[in-house]
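Text of model08.cif, listed as mmCIF, C-alpha atoms:
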```cif
data_run
#
loop_
_atom_site.label_atom_id
_atom_site.label_comp_id
_atom_site.auth_asym_id
_atom_site.auth_seq_id
_atom_site.Cartn_x
_atom_site.Cartn_y
_atom_site.Cartn_z
CA MET Z 2 -48.59 7.94 -24.81
CA THR Z 3 -49.97 10.94 -26.70
CA ALA Z 4 -53.19 12.34 -25.33
CA LEU Z 5 -56.26 11.84 -27.47
CA THR Z 6 -57.33 14.87 -29.46
CA THR Z 7 -60.79 16.05 -28.47
CA ILE Z 8 -63.41 16.31 -31.18
CA ASN Z 9 -66.32 18.70 -30.69
CA LEU Z 10 -69.36 18.31 -32.90
CA LEU Z 11 -71.26 21.37 -34.00
CA THR Z 12 -74.66 20.30 -35.17
CA GLY Z 13 -77.91 22.10 -35.94
CA PHE Z 14 -80.60 22.23 -38.53
CA LEU Z 15 -80.23 24.03 -41.84
CA GLY Z 16 -80.37 27.77 -41.27
CA SER Z 17 -80.11 27.44 -37.50
CA GLY Z 18 -77.09 29.73 -37.25
CA LYS Z 19 -74.39 27.08 -37.17
CA THR Z 20 -72.10 28.89 -39.56
CA THR Z 21 -72.47 32.21 -37.77
CA LEU Z 22 -71.58 30.48 -34.52
CA LEU Z 23 -68.63 28.80 -36.21
CA GLN Z 24 -67.35 32.13 -37.50
CA ARG Z 25 -67.51 33.50 -33.97
CA LEU Z 26 -65.79 30.44 -32.53
CA LEU Z 27 -63.00 30.76 -35.08
CA ASP Z 28 -62.18 34.17 -33.63
CA TYR Z 29 -61.72 32.83 -30.11
CA PRO Z 30 -58.08 32.67 -28.99
CA ASP Z 31 -58.85 29.27 -27.40
CA LEU Z 32 -59.35 27.82 -30.84
CA SER Z 33 -55.98 28.92 -32.18
CA GLY Z 34 -54.66 25.38 -31.71
CA ALA Z 35 -57.67 23.73 -33.27
CA ALA Z 36 -58.66 22.29 -36.60
CA VAL Z 37 -62.15 22.98 -37.86
CA LEU Z 38 -63.89 20.71 -40.35
CA ILE Z 39 -66.53 22.49 -42.39
CA ASN Z 40 -68.68 21.58 -45.35
CA GLU Z 41 -67.56 24.37 -47.66
CA PHE Z 42 -64.83 27.00 -47.42
CA GLY Z 43 -67.11 29.45 -49.21
CA GLU Z 44 -69.81 29.44 -46.59
CA VAL Z 45 -67.71 30.83 -43.76
CA GLY Z 46 -65.96 33.48 -45.87
CA LEU Z 47 -62.41 32.83 -44.75
CA ASP Z 48 -60.55 34.81 -47.38
CA HIS Z 49 -59.60 37.74 -45.18
CA GLN Z 50 -58.25 35.41 -42.50
CA LEU Z 51 -56.33 33.08 -44.78
CA LEU Z 52 -52.62 32.66 -44.05
CA ASP Z 53 -51.58 29.60 -46.04
CA ARG Z 54 -53.08 26.86 -48.16
CA ILE Z 55 -51.78 23.44 -47.04
CA ASP Z 56 -53.55 21.32 -49.64
CA ALA Z 57 -56.78 21.32 -51.62
CA ASN Z 58 -58.85 20.77 -48.51
CA VAL Z 59 -56.83 22.32 -45.68
CA VAL Z 60 -55.94 25.96 -45.04
CA LEU Z 61 -54.14 27.69 -42.19
CA MET Z 62 -55.70 30.84 -40.85
CA LYS Z 63 -54.11 33.92 -39.31
CA SER Z 64 -55.55 32.96 -35.93
CA GLY Z 65 -53.46 29.76 -36.02
CA CYS Z 66 -56.55 27.65 -36.58
CA LEU Z 67 -56.65 25.03 -39.34
CA CYS Z 68 -59.72 24.93 -41.50
CA CYS Z 69 -60.61 21.88 -43.59
CA THR Z 70 -63.41 21.03 -45.93
CA VAL Z 71 -64.93 17.59 -45.83
CA ARG Z 72 -65.20 16.07 -49.29
CA GLY Z 73 -66.79 12.69 -48.77
CA GLU Z 74 -66.32 10.88 -45.49
CA ILE Z 75 -65.51 12.66 -42.24
CA ALA Z 76 -63.19 9.76 -41.34
CA ASP Z 77 -61.04 10.50 -44.44
CA ALA Z 78 -60.81 14.18 -43.57
CA LEU Z 79 -59.73 13.31 -40.01
CA LEU Z 80 -57.17 10.79 -41.25
CA ASN Z 81 -55.74 13.38 -43.65
CA LEU Z 82 -55.41 15.89 -40.81
CA HIS Z 83 -53.84 13.29 -38.57
CA SER Z 84 -51.25 12.43 -41.25
CA LEU Z 85 -50.43 16.09 -41.92
CA ARG Z 86 -49.92 16.64 -38.19
CA ALA Z 87 -47.81 13.52 -37.75
CA ARG Z 88 -45.54 14.62 -40.64
CA GLY Z 89 -45.26 18.12 -39.19
CA GLU Z 90 -46.84 19.66 -42.29
CA VAL Z 91 -49.39 21.58 -40.24
CA PRO Z 92 -49.04 23.23 -36.83
CA TRP Z 93 -49.91 20.97 -33.92
CA PHE Z 94 -53.62 21.04 -33.04
CA ASP Z 95 -55.14 19.68 -29.87
CA ARG Z 96 -58.80 19.97 -30.76
CA VAL Z 97 -61.02 19.36 -33.76
CA VAL Z 98 -64.39 21.00 -34.27
CA ILE Z 99 -66.61 19.27 -36.84
CA GLU Z 100 -69.51 21.09 -38.39
CA THR Z 101 -72.02 18.43 -39.34
CA THR Z 102 -74.48 18.90 -42.16
CA GLY Z 103 -77.84 20.28 -41.15
CA LEU Z 104 -79.73 17.07 -41.75
CA ALA Z 105 -77.29 14.87 -39.88
CA ASP Z 106 -78.04 12.81 -36.82
CA PRO Z 107 -74.85 13.27 -34.73
CA TYR Z 108 -74.76 9.61 -33.75
CA PRO Z 109 -73.00 8.20 -36.87
CA VAL Z 110 -70.17 10.73 -36.54
CA LEU Z 111 -69.69 9.95 -32.84
CA SER Z 112 -69.83 6.28 -33.66
CA THR Z 113 -67.18 6.64 -36.38
CA ILE Z 114 -64.80 8.37 -33.96
CA ARG Z 115 -65.21 5.54 -31.46
CA ALA Z 116 -65.18 2.58 -33.82
CA HIS Z 117 -62.67 3.52 -36.55
CA PRO Z 118 -59.52 1.39 -36.11
CA VAL Z 119 -57.14 4.34 -36.56
CA LEU Z 120 -59.20 7.29 -35.38
CA ARG Z 121 -60.07 5.70 -32.04
CA SER Z 122 -56.39 5.67 -31.07
CA HIS Z 123 -55.93 9.38 -31.74
CA PHE Z 124 -59.25 11.13 -31.18
CA SER Z 125 -61.99 11.15 -28.59
CA ALA Z 126 -65.47 12.66 -28.67
CA GLY Z 127 -65.94 15.82 -26.63
CA THR Z 128 -68.81 18.22 -26.25
CA VAL Z 129 -71.65 18.15 -28.76
CA ILE Z 130 -73.04 21.60 -29.53
CA ALA Z 131 -76.41 22.06 -31.22
CA THR Z 132 -77.77 25.31 -32.60
CA VAL Z 133 -81.53 25.89 -32.61
CA ASP Z 134 -83.02 29.04 -34.07
CA ALA Z 135 -85.78 30.79 -32.20
CA VAL Z 136 -87.76 31.46 -35.39
CA ASN Z 137 -88.13 27.88 -36.65
CA GLY Z 138 -87.13 25.81 -33.62
CA HIS Z 139 -90.62 24.96 -32.40
CA GLY Z 140 -91.81 23.69 -35.75
CA LEU Z 141 -88.68 21.71 -36.53
CA LEU Z 142 -88.61 19.98 -33.17
CA ALA Z 143 -92.22 18.93 -33.61
CA THR Z 144 -91.77 17.54 -37.09
CA ARG Z 145 -88.15 16.57 -37.76
CA GLN Z 146 -86.57 13.57 -36.14
CA GLU Z 147 -83.06 14.83 -36.95
CA ALA Z 148 -83.68 18.07 -35.05
CA LEU Z 149 -84.78 16.10 -31.98
CA GLN Z 150 -81.76 13.80 -32.22
CA GLN Z 151 -79.43 16.77 -32.47
CA VAL Z 152 -80.88 18.40 -29.36
CA ALA Z 153 -80.94 15.11 -27.45
CA ALA Z 154 -77.29 14.39 -28.30
CA ALA Z 155 -76.15 17.89 -27.34
CA ASP Z 156 -74.26 18.91 -24.24
CA VAL Z 157 -74.79 22.56 -25.05
CA VAL Z 158 -77.75 23.95 -26.98
CA ILE Z 159 -77.19 27.40 -28.45
CA LEU Z 160 -80.35 29.37 -29.09
CA THR Z 161 -79.88 31.68 -32.07
CA LYS Z 162 -81.90 34.52 -33.62
CA GLY Z 163 -83.54 35.26 -30.28
CA ASP Z 164 -83.64 38.94 -31.25
CA LEU Z 165 -86.03 38.18 -34.12
CA VAL Z 166 -88.87 36.87 -31.96
CA ALA Z 167 -90.82 37.93 -28.86
CA PRO Z 168 -89.22 37.21 -25.46
CA GLU Z 169 -92.08 34.77 -24.67
CA THR Z 170 -91.19 32.70 -27.73
CA VAL Z 171 -87.59 32.43 -26.51
CA ALA Z 172 -88.82 31.45 -23.03
CA ASP Z 173 -91.19 28.80 -24.48
CA LEU Z 174 -88.50 27.36 -26.72
CA THR Z 175 -85.97 27.28 -23.88
CA ALA Z 176 -88.49 25.37 -21.73
CA MET Z 177 -89.11 22.96 -24.62
CA LEU Z 178 -85.38 22.37 -25.14
CA THR Z 179 -84.86 21.75 -21.43
CA ALA Z 180 -87.76 19.31 -21.46
CA ILE Z 181 -86.26 17.38 -24.36
CA ASN Z 182 -82.75 17.40 -22.96
CA PRO Z 183 -82.49 18.32 -19.28
CA THR Z 184 -78.83 17.30 -19.22
CA ALA Z 185 -77.79 20.04 -21.66
CA SER Z 186 -77.22 23.67 -20.87
CA VAL Z 187 -79.29 25.98 -23.05
CA ARG Z 188 -77.56 29.26 -23.86
CA ASP Z 189 -78.43 32.32 -25.87
CA ALA Z 190 -76.01 32.77 -28.74
CA ALA Z 191 -75.50 36.39 -27.72
CA GLY Z 192 -73.90 35.49 -24.41
CA ILE Z 193 -71.68 32.51 -25.06
CA ASP Z 194 -67.95 32.10 -24.71
CA ALA Z 195 -65.61 29.33 -25.81
CA ASP Z 196 -65.37 27.72 -22.36
CA MET Z 197 -69.11 27.18 -22.18
CA VAL Z 198 -69.08 25.48 -25.53
CA LEU Z 199 -65.95 23.40 -25.36
CA ASP Z 200 -65.66 22.26 -21.74
CA ALA Z 201 -64.93 18.65 -20.82
CA HIS Z 202 -67.48 15.87 -20.23
CA ALA Z 203 -66.77 15.17 -16.58
CA GLY Z 204 -67.38 18.71 -15.42
CA ARG Z 205 -70.85 18.77 -16.85
CA LEU Z 206 -71.88 15.63 -15.03
CA ARG Z 207 -71.59 17.48 -11.75
CA ASP Z 208 -74.78 19.32 -12.63
CA LEU Z 209 -76.80 16.24 -13.53
CA PRO Z 210 -80.45 16.97 -12.72
CA VAL Z 211 -82.67 14.57 -10.80
CA LEU Z 212 -85.98 14.23 -12.63
CA PRO Z 213 -89.16 12.48 -11.62
CA LEU Z 214 -89.53 9.03 -13.10
CA ALA Z 215 -92.30 10.01 -15.46
CA GLY Z 216 -94.56 12.78 -16.54
CA HIS Z 217 -92.24 15.64 -15.73
CA SER Z 218 -90.73 16.22 -19.09
CA HIS Z 219 -91.99 15.16 -22.40
CA HIS Z 220 -92.33 16.43 -25.86
CA ALA Z 221 -94.99 15.13 -28.16
CA GLY Z 222 -94.76 15.79 -31.84
CA GLU Z 223 -95.10 14.05 -35.17
CA SER Z 224 -91.71 12.49 -34.57
CA GLY Z 225 -92.94 10.68 -31.47
CA THR Z 226 -92.96 11.20 -27.75
CA VAL Z 227 -89.66 12.01 -26.15
CA GLN Z 228 -89.43 11.64 -22.42
CA SER Z 229 -86.60 12.40 -20.11
CA PHE Z 230 -86.59 10.84 -16.70
CA SER Z 231 -84.25 9.81 -13.92
CA ILE Z 232 -83.50 6.60 -12.14
CA VAL Z 233 -82.11 7.41 -8.70
CA THR Z 234 -81.07 4.81 -6.17
CA ASP Z 235 -79.49 4.74 -2.72
CA GLN Z 236 -78.10 1.29 -3.35
CA GLN Z 237 -74.54 0.87 -4.45
CA LEU Z 238 -74.53 -0.59 -7.94
CA ASP Z 239 -72.81 -3.67 -9.25
CA TRP Z 240 -70.77 -2.35 -12.18
CA THR Z 241 -70.92 -5.65 -14.09
CA VAL Z 242 -74.68 -6.01 -13.76
CA PHE Z 243 -75.18 -2.40 -14.78
CA GLY Z 244 -72.97 -2.86 -17.84
CA ILE Z 245 -74.81 -5.98 -18.97
CA TRP Z 246 -78.19 -4.34 -18.44
CA LEU Z 247 -77.23 -1.20 -20.38
CA THR Z 248 -75.68 -3.23 -23.20
CA MET Z 249 -78.86 -5.29 -23.56
CA LEU Z 250 -81.05 -2.20 -23.45
CA LEU Z 251 -79.01 -0.48 -26.16
CA HIS Z 252 -78.81 -3.64 -28.23
CA ARG Z 253 -82.62 -3.88 -28.43
CA HIS Z 254 -83.65 -0.23 -28.08
CA GLY Z 255 -80.57 1.86 -28.91
CA ASP Z 256 -82.40 3.83 -31.58
CA LYS Z 257 -84.96 4.93 -28.98
CA VAL Z 258 -82.44 5.81 -26.28
CA LEU Z 259 -81.47 9.24 -27.55
CA ARG Z 260 -79.28 9.90 -24.55
CA VAL Z 261 -78.15 8.38 -21.29
CA LYS Z 262 -76.05 10.19 -18.75
CA GLY Z 263 -75.32 9.29 -15.19
CA ILE Z 264 -73.15 9.37 -12.12
CA LEU Z 265 -72.95 6.02 -10.37
CA ASN Z 266 -72.05 4.88 -6.89
CA ILE Z 267 -70.29 1.60 -7.58
CA ALA Z 268 -69.94 -1.05 -4.87
CA GLY Z 269 -66.35 -1.29 -3.71
CA ASP Z 270 -65.36 2.15 -4.95
CA ASP Z 271 -65.20 5.47 -3.10
CA ARG Z 272 -65.22 7.55 -6.23
CA PRO Z 273 -68.15 7.88 -8.61
CA VAL Z 274 -68.17 6.67 -12.19
CA ALA Z 275 -69.71 8.84 -14.89
CA VAL Z 276 -71.37 7.24 -17.88
CA HIS Z 277 -72.84 8.80 -20.94
CA GLY Z 278 -73.99 7.66 -24.30
CA VAL Z 279 -75.86 8.65 -27.43
CA GLN Z 280 -78.10 6.00 -28.96
CA ARG Z 281 -76.06 2.78 -29.26
CA LEU Z 282 -72.80 4.51 -28.47
CA VAL Z 283 -71.54 4.56 -24.89
CA HIS Z 284 -68.48 6.67 -24.22
CA PRO Z 285 -65.73 5.16 -22.05
CA PRO Z 286 -66.88 5.40 -18.40
CA VAL Z 287 -65.07 8.12 -16.47
CA HIS Z 288 -63.69 7.44 -13.01
CA MET Z 289 -64.30 10.82 -11.41
CA SER Z 290 -61.90 12.34 -8.91
CA GLY Z 291 -64.61 12.68 -6.28
CA TRP Z 292 -68.29 13.27 -5.61
CA PRO Z 293 -69.52 16.71 -6.64
CA ASP Z 294 -71.52 17.15 -3.41
CA ALA Z 295 -72.80 15.28 -0.35
CA ASP Z 296 -75.36 13.34 -2.40
CA ARG Z 297 -73.99 9.80 -2.87
CA ARG Z 298 -76.95 8.38 -4.75
CA SER Z 299 -76.54 6.95 -8.22
CA ARG Z 300 -78.35 9.14 -10.72
CA LEU Z 301 -79.13 8.25 -14.31
CA VAL Z 302 -80.92 10.50 -16.75
CA PHE Z 303 -82.43 8.99 -19.89
CA ILE Z 304 -83.86 10.74 -22.89
CA MET Z 305 -86.02 8.17 -24.63
CA GLN Z 306 -88.39 8.12 -27.52
CA ASP Z 307 -91.51 5.96 -27.26
CA LEU Z 308 -90.28 3.81 -24.37
CA ASP Z 309 -92.12 3.51 -21.05
CA PRO Z 310 -90.01 4.98 -18.20
CA ALA Z 311 -91.73 2.76 -15.61
CA LEU Z 312 -90.79 -0.35 -17.57
CA VAL Z 313 -87.17 0.80 -17.92
CA ARG Z 314 -86.99 1.39 -14.18
CA HIS Z 315 -88.57 -1.97 -13.40
CA SER Z 316 -86.04 -3.67 -15.66
CA PHE Z 317 -83.17 -1.79 -13.98
CA GLU Z 318 -84.39 -2.99 -10.56
CA VAL Z 319 -84.91 -6.61 -11.58
CA PHE Z 320 -81.44 -6.78 -13.07
CA HIS Z 321 -79.88 -5.24 -9.99
CA ARG Z 322 -81.34 -7.93 -7.79
CA LEU Z 323 -78.96 -10.24 -9.64
CA ALA Z 324 -75.99 -8.48 -8.09
CA GLY Z 325 -75.81 -10.20 -4.69
CA THR Z 326 -76.77 -13.71 -5.73
CA GLN Z 327 -74.48 -13.81 -8.74
CA GLU Z 328 -71.57 -12.37 -6.75
CA ASP Z 329 -71.92 -15.27 -4.31
CA ALA Z 330 -72.18 -17.79 -7.11
CA ALA Z 331 -69.09 -16.40 -8.83
CA VAL Z 332 -67.01 -16.41 -5.68
CA ALA Z 333 -68.16 -19.89 -4.73
CA SER Z 334 -67.41 -21.35 -8.16
CA MET T 10 -56.52 13.77 -5.49
CA ALA T 11 -56.81 11.26 -8.28
CA ARG T 12 -57.60 12.61 -11.73
CA ASP T 13 -60.62 11.69 -13.77
CA GLY T 14 -59.76 8.78 -16.01
CA VAL T 15 -61.36 5.90 -17.83
CA TYR T 16 -62.93 3.49 -15.37
CA SER T 17 -61.95 -0.15 -15.67
CA ARG T 18 -62.23 -3.26 -13.51
CA ASN T 19 -59.48 -5.03 -15.39
CA GLY T 20 -56.46 -3.78 -13.49
CA ASP T 21 -54.41 -6.75 -12.33
CA ARG T 22 -54.66 -10.44 -13.20
CA LEU T 23 -56.67 -11.40 -10.13
CA SER T 24 -59.25 -8.64 -10.57
CA ARG T 25 -59.49 -9.49 -14.29
CA ARG T 26 -60.25 -13.13 -13.46
CA ARG T 27 -62.71 -12.24 -10.73
CA GLU T 28 -64.46 -9.79 -13.03
CA ALA T 29 -64.62 -12.35 -15.86
CA ALA T 30 -66.15 -14.97 -13.53
CA HIS T 31 -68.68 -12.52 -12.19
CA ARG T 32 -69.60 -11.31 -15.68
CA GLN T 33 -70.11 -14.87 -16.84
CA ALA T 34 -72.34 -15.65 -13.85
CA VAL T 35 -74.55 -12.62 -14.49
CA VAL T 36 -74.74 -13.31 -18.21
CA ASN T 37 -75.69 -16.90 -17.49
CA ALA T 38 -78.52 -15.79 -15.21
CA VAL T 39 -79.94 -13.82 -18.15
CA LEU T 40 -79.28 -16.58 -20.70
CA ALA T 41 -81.01 -19.09 -18.39
CA THR T 42 -84.31 -17.29 -19.07
CA ARG T 43 -84.07 -18.82 -22.57
CA ARG T 44 -82.42 -22.03 -21.38
CA MET T 45 -79.05 -21.03 -22.77
CA GLN T 46 -75.59 -21.05 -21.29
CA LEU T 47 -72.25 -19.36 -21.85
CA ALA T 48 -68.94 -21.05 -21.12
CA ASP T 49 -65.32 -20.11 -21.50
CA TRP T 50 -63.67 -21.61 -24.61
CA HIS T 51 -60.04 -22.41 -23.78
CA GLY T 52 -59.60 -18.95 -22.28
CA ARG T 53 -59.61 -17.48 -25.76
CA ALA T 54 -63.24 -17.27 -26.79
CA TYR T 55 -66.77 -18.04 -25.64
CA LEU T 56 -69.03 -21.02 -26.22
CA LEU T 57 -72.75 -20.41 -26.32
CA LYS T 58 -75.10 -23.40 -25.96
CA THR T 59 -78.85 -23.89 -26.19
CA ALA T 60 -80.89 -26.50 -24.30
CA THR T 61 -81.36 -28.40 -27.57
CA GLY T 62 -77.62 -28.73 -28.13
CA LYS T 63 -77.00 -26.01 -30.67
CA SER T 64 -73.75 -24.20 -30.03
CA LYS T 65 -71.63 -21.35 -31.31
CA VAL T 66 -68.11 -20.18 -30.55
CA PHE T 67 -67.42 -16.46 -30.79
CA ASP T 68 -64.58 -14.12 -29.89
CA SER T 69 -65.92 -11.10 -28.11
CA LEU T 70 -68.62 -10.53 -25.52
CA SER T 71 -69.67 -7.49 -27.48
CA HIS T 72 -71.25 -9.99 -29.91
CA LEU T 73 -73.06 -11.91 -27.18
CA TRP T 74 -76.64 -10.69 -27.60
CA PRO T 75 -76.74 -10.81 -31.41
CA GLU T 76 -75.15 -14.31 -31.27
CA ALA T 77 -77.57 -15.50 -28.59
CA GLU T 78 -80.54 -14.21 -30.58
CA ALA T 79 -79.32 -15.77 -33.82
CA LEU T 80 -78.68 -19.14 -32.18
CA SER T 81 -81.94 -19.34 -30.22
CA GLY T 82 -84.28 -17.44 -32.51
CA ALA T 83 -85.51 -15.64 -29.38
CA THR T 84 -84.94 -12.04 -28.40
CA PHE T 85 -83.08 -10.84 -25.34
CA ASP T 86 -85.03 -7.72 -24.56
CA PRO T 87 -84.48 -6.36 -21.03
CA LEU T 88 -87.90 -4.69 -21.25
CA ASP T 89 -89.70 -7.95 -22.09
CA PRO T 90 -92.02 -8.76 -19.15
CA VAL T 91 -91.57 -12.52 -19.68
CA LEU T 92 -87.78 -12.27 -19.52
CA LEU T 93 -88.02 -10.05 -16.43
CA ALA T 94 -90.42 -12.44 -14.68
CA ARG T 95 -88.12 -15.39 -15.36
CA LEU T 96 -85.13 -13.42 -14.21
CA LYS T 97 -86.92 -12.51 -10.98
CA ALA T 98 -87.94 -16.11 -10.41
CA GLY T 99 -84.40 -17.34 -11.00
CA ALA T 100 -82.56 -14.72 -8.97
#
```
What is this file in C-alpha cells?
Amino acid sequence: MTALTTINLLTGFLGSGKTTLLQRLLDYPDLSGAAVLINEFGEVGLDHQLLDRIDANVVLMKSGCLCCTVRGEIADALLNLHSLRARGEVPWFDRVVIETTGLADPYPVLSTIRAHPVLRSHFSAGTVIATVDAVNGHGLLATRQEALQQVAAADVVILTKGDLVAPETVADLTAMLTAINPTASVRDAAGIDADMVLDAHAGRLRDLPVLPLAGHSHHAGESGTVQSFSIVTDQQLDWTVFGIWLTMLLHRHGDKVLRVKGILNIAGDDRPVAVHGVQRLVHPPVHMSGWPDADRRSRLVFIMQDLDPALVRHSFEVFHRLAGTQEDAAVAS
Amino acid sequence: MARDGVYSRNGDRLSRRREAAHRQAVVNAVLATRRMQLADWHGRAYLLKTATGKSKVFDSLSHLWPEAEALSGATFDPLDPVLLARLKAGA
C-alpha cells in the first residue's frame, strides 16, 4: 500500500508574512520532493526559479519542487496533482504544502482532506503552520475570529516582522500566543528551519504541556474568551467511553473546541495513544511506540472558546464512571 | 520497538465483536438518559428506538447523535447538567 502523502497547511492573516516564509521554505532542500499550492504564481515571484511549465496551473521549479496555483477548490487542485503524479507527468512528490488564503479558518481544508472520498486515500494532514506578524498580531487576535482559529489550529506559530517592533512587544505577543495555544511551538521567523516546521504529529505530542484546569491561560477579546486547560488523570481510560464522550462533545460544541490534543493511557494497552483534533475534525488516533517519559498519566489539552473548563472536566469524569459498569454489562450480555 | 501507527480496537473478529458490544452498552447508558435505546439491526445497521415507540434504522454510528436528536427532539449535550445527573444516577 502506498504511504499517504503528508499535507502541511500554511496559514496566517493577510500581510502576516506567509508568502515570505513560503519563499524561504521553497529554497529548503527538504522541500525538493514537495508540491506547493499557492494562491497566485505572481505573488511568490517564481520566474527566476522556473524549470518547466506542466500545465496552466502547475510548474516545476529548479529546486525540484512543484508549484501549483489553486483556481477554485483546493480539492480539485489536489486531485489534479494526484492524477499528474499517477500518470508520471510530474516528478514524484511526497509532501504537499498548501498556502491558505489569509481569511481562511484552517478547519474546512483539514476537513476536506479527511472527508473527500478520493483524497482521504492518498493524503493525510500534517503540521499546521501559522504566521503572525509582530506589528499587527495583538490587534488581529483581539478582534478577528479567523486569526484566533489559525493560531489555535497551528502546531507551529511563526512570529514574523519581529525586527520592526520593540523586544517587549515580541515578548508580549509570544506570551499571548502561548496562552492561546500552549500545544504549539512559537518560533521567530529569523531562526526557523524546515524540520521545525514540517515535523510529524507524534513527535510533538511528547512535549504536551500540563496546564491547570482553569484560569492559567486565557485570552479575552471581541471574538470571545479562549481558554486552554488540561485534564490529567491517573486512571487508565476506557477507549470506547472516551471516544463516545469526545464525539458527543464535538457534535454539540465542535465550533467552540478550537483544538484538542492528548496522550492517553488506555486500559489494556502498554503503549500510549495520541489524539488530536481541530474543531469537529479528529485525526486518526496514533498508537505511539512508547511513553515519552516516566509520567504515565493521561493528559488532554483543550483550547476552547466560551466553554467552562470545570464543566468539561466534570462531564469527562461522569462519562468515565461508565467504564467499569458498562464493561461488566457488555461481558455479561 | 513497534512503530507509531493508527490505533484501532478492531483487529480480529473476537475483539471487533467485543468492542461493538461494549460500544453499544456505553451508548445505551447515554441514550437511557432520554429513554432511548440502540439495537443491532441484522448485523448490518442500527435501530434506534424511543420510549414512545418511534424508531429509525441508520447505517453508521457516526450518525448516531444527529439521528437520536432528530428522533427524540431532545439534545444530547455532554455538558448538559440534567444529562450528566441522569447518567450519574444510572451508572
Check your understanding: Hey, what comes out of the PyMOL selection byres ((chain Z) within 10 of (chain T)) on this file? Could you write it as a ChimeraX atom specification?
Key -> /Z:203-204,240-242,244-254,272-276,284-291,308-309,312-332,334
Exercise for review: In Å, rounded to a single decimal, give me how far atom CA of Z:Pro310 is from atom CA of Z:Leu10.
Suggested key: 28.6 Å
Which centre and edge lengths in Å to one decimal define the box along x, y and z that fits every listed atom of stretch 43-50 of chain T plus 3 Å per side, as JSON?
```
{"center_x": -73.9, "center_y": -20.4, "center_z": -22.9, "size_x": 26.4, "size_y": 9.2, "size_z": 9.5}
```
Check your understanding: Where does the PyMOL selection byres ((chain T and resi 46) around 7) land in this file, that is, which residues does it pick, as a ChimeraX atom specification?
Key -> /T:37,40-41,44-45,47-48,57-59
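For the atom pair formed by atom CA of Z:Gln146 and atom CA of Z:Met305, the distance is 12.7 Å, given to one decimal.
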Exercise for review: For the structure shown, which residues end up in the PyMOL selection byres ((chain Z and resi 282) around 10)? Put them as number ranges by chain, please?
Suggested key: Z: 108-109, 111-113, 115-116, 248, 251, 255, 258-261, 277-281, 283-285
Practice item. Would you mind listing what lies within 9 Å of Z:Pro107 as number ranges by chain, with only C-alpha atoms counted and same-chain residues fewer than 5 positions away left out? Key: Z: 10-12, 101, 112, 129, 147, 150-151, 154-155, 279
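For Z:Asp156, the residues within 9 Å (counting all atoms listed in the file, excluding itself and residues fewer than 2 positions away along the chain) are Thr128, Val129, Ile130, Ala131, Val152, Ala153, Ala154, Val158, Asn182, Thr184, Ala185, Ser186, Val187, Val198, His202 and Arg205 of chain Z.
Rounded to one decimal, atom CA of T:Gly62 and atom CA of T:Ala79 lie 14.3 Å from each other.
Remark: for Z:Lys162, the closest of the candidate residues Z:Leu79, Z:Ile55, Z:Leu22, Z:Leu120 is Z:Leu22 (distances computed over all atoms listed in the file).
Look at stretch 65-71 of chain Z: the protein and nucleic acid residues within 7 Å of it, using only C-alpha atoms and passing over chain neighbours fewer than 6 places away, are Leu32, Ser33, Gly34, Ala35, Ala36, Val37, Leu38, Ile39, Asn40, Glu41, Phe42, Asn58, Val59 and Ala78 of chain Z.
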Exercise for review: Determine, counting all atoms listed in the file, which protein, DNA and RNA residues have an atom within 8 Å of an atom of Z:Thr234; residues of the same chain fewer than 4 positions away are not included. Present the result as a list in words.
Suggested key: Arg298, Ser299 and Arg300 of chain Z
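Using only C-alpha atoms, the shortest contact distance between Z:Leu141 and any of Z:Leu178, Z:Ile75, Z:Leu26, Z:Val302 is found at Z:Leu178.
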Practice item. Please provide as a PyMOL selection string all residues within 12 Å of Z:Ser17, with the sequence filter that same-chain residues fewer than 6 positions apart are discarded (counting all atoms listed in the file). Key: chain Z and resi 11+23+102-104+131-139+141+148+151+158-163+190
